[in-house]
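The structure appears right after this line, and notes come after that.
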Amino acid sequence: MSREQINEIQDGLLRSAYPFLPMVKDKRVDKEDTDSLNEVLGDELMEKIKDKGLVVKQWENQVEILGHPAVGGLFSHCGWNLVTEAAWHGVRLLVWPAKRDQKVKATVVERSGLDVWPKTWEWGLETVVKREKIGEKIKQMMGSEELKLRAKQIQEEVRKAVSAGGSSNIALSEVIDEWSNVEATM
């Protein structure tokens, strides 16, 4: 993501008036990521952010973060790991797919009722979306009681599915049994 877009997102987060914890990455490979946050965001934006949020550049355990009761929503590119972890923790989503299969995943998440997806933003890397639009969509996601309730319903459904006797648990057991039977006949 371009530094210009990172700055627009950060300022959009500020405009939303919600506290935030963004993880900033402006390089493709972590090894390349040697610039400081001040170099990426600029001193002025870092000064504005310090009272409203915490910005990090290093990897953080997203499962622990999503499981924290203070987390009310997630702004994501719609990677499948994040989507499943958000569902597990009952966290609503604002998705902005950037490339390849993320658009398909965003469609699945949209159909589940777990997210806000501003399709007018195009693909995440093709255009720079301005801070006003980002702030507006964050407010929409965070202000939606319906979305919050749906996220909690999905959390219950997901946990039920993987528990003993749940649909995913049963399906996995059937696959294991089937493979065991195939292996036994060889």
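FYI, nothing fancy with the structure tokens labels: chains A, B, ... in order, residues from 1 per chain, ligands from 1 as they appear.
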- [ ] Find the residues near Cys78 in chain A: any atom within 7 Å, counting only C-alpha atoms, skip ones fewer than 2 places away on the same chain, and give them as an NGL selection string.
- [x] :A and (76 or 80 or 82-83 or 95-97 or 102 or 105-106)
Open item on the list: What's around range 11-19 of chain A at 10 Å? Count only C-alpha atoms, leave out sequence neighbours fewer than 4 positions away in its own chain, and write the answer as JSON, numbers by chain.
Closed with: {"A": [5, 6, 7, 41, 45, 48, 49, 51, 52, 53, 54, 70, 71, 72, 75, 129, 130, 131, 132, 133, 134, 135, 136, 137, 138, 139, 140, 142]}
Open item on the list: Calculated over only C-alpha atoms, which of the candidates A:Ile154, A:Ala164, A:Ile9, A:Ala171 has the smallest distance to Val55 in chain A?
Closed with: A:Ile9
TODO: List every residue of chain A that DSSP, applied to the backbone, labels as strand (DSSP E), and write the result as a PyMOL selection string.
DONE: chain A and resi 73-76+92-95+115-116
Open item on the list: To test your reading of the structure, identify every residue in range 1-113 of chain A that backbone DSSP assigns to alpha helix (DSSP H), and report it as a ChimeraX atom specification.
Closed with: /A:3-16,37-41,43-49,62-66,80-89,102-112
With C-alpha atoms retained, write the just-selected residues as an mmCIF file, in the first residue's frame.
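Result went into selection.cif, see below:
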```cif
data_model
loop_
_atom_site.group_PDB
_atom_site.id
_atom_site.type_symbol
_atom_site.label_atom_id
_atom_site.label_comp_id
_atom_site.auth_asym_id
_atom_site.auth_seq_id
_atom_site.Cartn_x
_atom_site.Cartn_y
_atom_site.Cartn_z
ATOM 1 C CA ARG A 3 2.395 5.814 1.857
ATOM 2 C CA GLU A 4 -0.207 8.249 0.569
ATOM 3 C CA GLN A 5 -2.949 5.653 1.156
ATOM 4 C CA ILE A 6 -1.531 4.756 4.580
ATOM 5 C CA ASN A 7 -1.749 8.429 5.534
ATOM 6 C CA GLU A 8 -5.329 8.673 4.262
ATOM 7 C CA ILE A 9 -6.291 5.609 6.316
ATOM 8 C CA GLN A 10 -4.628 6.970 9.456
ATOM 9 C CA ASP A 11 -6.367 10.305 9.067
ATOM 10 C CA GLY A 12 -9.646 8.499 8.317
ATOM 11 C CA LEU A 13 -9.251 6.578 11.568
ATOM 12 C CA LEU A 14 -8.770 9.880 13.381
ATOM 13 C CA ARG A 15 -11.879 11.334 11.738
ATOM 14 C CA SER A 16 -13.955 8.357 12.844
ATOM 15 C CA LEU A 37 6.732 5.146 11.776
ATOM 16 C CA ASN A 38 7.562 8.852 11.736
ATOM 17 C CA GLU A 39 9.174 8.413 8.309
ATOM 18 C CA VAL A 40 6.126 6.540 6.997
ATOM 19 C CA LEU A 41 3.365 8.676 8.505
ATOM 20 C CA ASP A 43 5.606 13.834 12.366
ATOM 21 C CA GLU A 44 2.358 15.819 12.097
ATOM 22 C CA LEU A 45 0.152 12.745 11.740
ATOM 23 C CA MET A 46 2.080 10.874 14.463
ATOM 24 C CA GLU A 47 1.430 13.805 16.800
ATOM 25 C CA LYS A 48 -2.323 13.701 16.058
ATOM 26 C CA ILE A 49 -2.475 9.929 16.485
ATOM 27 C CA GLN A 62 -3.897 -10.695 15.826
ATOM 28 C CA VAL A 63 -5.786 -13.514 17.579
ATOM 29 C CA GLU A 64 -4.997 -11.981 20.963
ATOM 30 C CA ILE A 65 -5.895 -8.514 19.718
ATOM 31 C CA LEU A 66 -9.210 -9.626 18.188
ATOM 32 C CA TRP A 80 -9.004 -15.424 5.123
ATOM 33 C CA ASN A 81 -7.089 -15.852 8.398
ATOM 34 C CA LEU A 82 -8.295 -12.475 9.635
ATOM 35 C CA VAL A 83 -11.854 -13.181 8.492
ATOM 36 C CA THR A 84 -12.029 -16.499 10.342
ATOM 37 C CA GLU A 85 -10.409 -15.016 13.441
ATOM 38 C CA ALA A 86 -12.861 -12.090 13.399
ATOM 39 C CA ALA A 87 -15.771 -14.541 13.084
ATOM 40 C CA TRP A 88 -14.403 -16.629 15.975
ATOM 41 C CA HIS A 89 -14.224 -13.541 18.188
ATOM 42 C CA GLN A 102 -9.742 -11.282 -1.509
ATOM 43 C CA LYS A 103 -12.720 -10.064 -3.534
ATOM 44 C CA VAL A 104 -14.234 -13.570 -3.475
ATOM 45 C CA LYS A 105 -13.699 -13.742 0.281
ATOM 46 C CA ALA A 106 -15.219 -10.294 0.710
ATOM 47 C CA THR A 107 -18.311 -11.522 -1.155
ATOM 48 C CA VAL A 108 -18.601 -14.506 1.210
ATOM 49 C CA VAL A 109 -18.224 -12.241 4.242
ATOM 50 C CA GLU A 110 -20.766 -9.800 2.825
ATOM 51 C CA ARG A 111 -23.319 -12.591 2.332
ATOM 52 C CA SER A 112 -22.802 -13.675 5.939
#
```
- [ ] State, in Å with one decimal place, the distance from CA of Arg92 in chain A to CA of Glu145 in chain A.
- [x] 10.2 Å
Open item on the list: Just checking: using only C-alpha atoms, which residue out of A:His68, A:Trp121, A:Lys50, A:Thr127 ends up closest to Met1 in chain A?
Closed with: A:Thr127
Task: Among the residues A:Glu146, A:Glu156, A:Glu60, A:Glu174, the one that comes closest to Val116 in chain A [using only C-alpha atoms] - done: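 The answer is A:Glu146, which sits nearest to Val116 in chain A.
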Task: Residue among A:Met141, A:Leu172, A:Val128, A:Val91 lying closest to Gln153 in chain A, counting only C-alpha atoms - done: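 The shortest atom-to-atom distance to Gln153 in chain A comes from A:Val91.
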TODO: Enter the distance from CA of Pro22 in chain A to CA of Arg159 in chain A, in Å, rounded to one decimal.
DONE: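 CA of Arg159 in chain A lies 26.8 Å from CA of Pro22 in chain A.
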- [ ] Counting only C-alpha atoms, figure out which residue out of A:Val182, A:Ala161, A:Lys148, A:Glu122 gets nearest to Lys99 in chain A.
- [x]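 Among the listed residues, the smallest separation from Lys99 in chain A belongs to A:Glu122.
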TODO: Go ahead and compute the interatomic distance for CA of Leu74 in chain A and CA of Ser2 in chain A, in Å to one decimal.
DONE: 20.0 Å
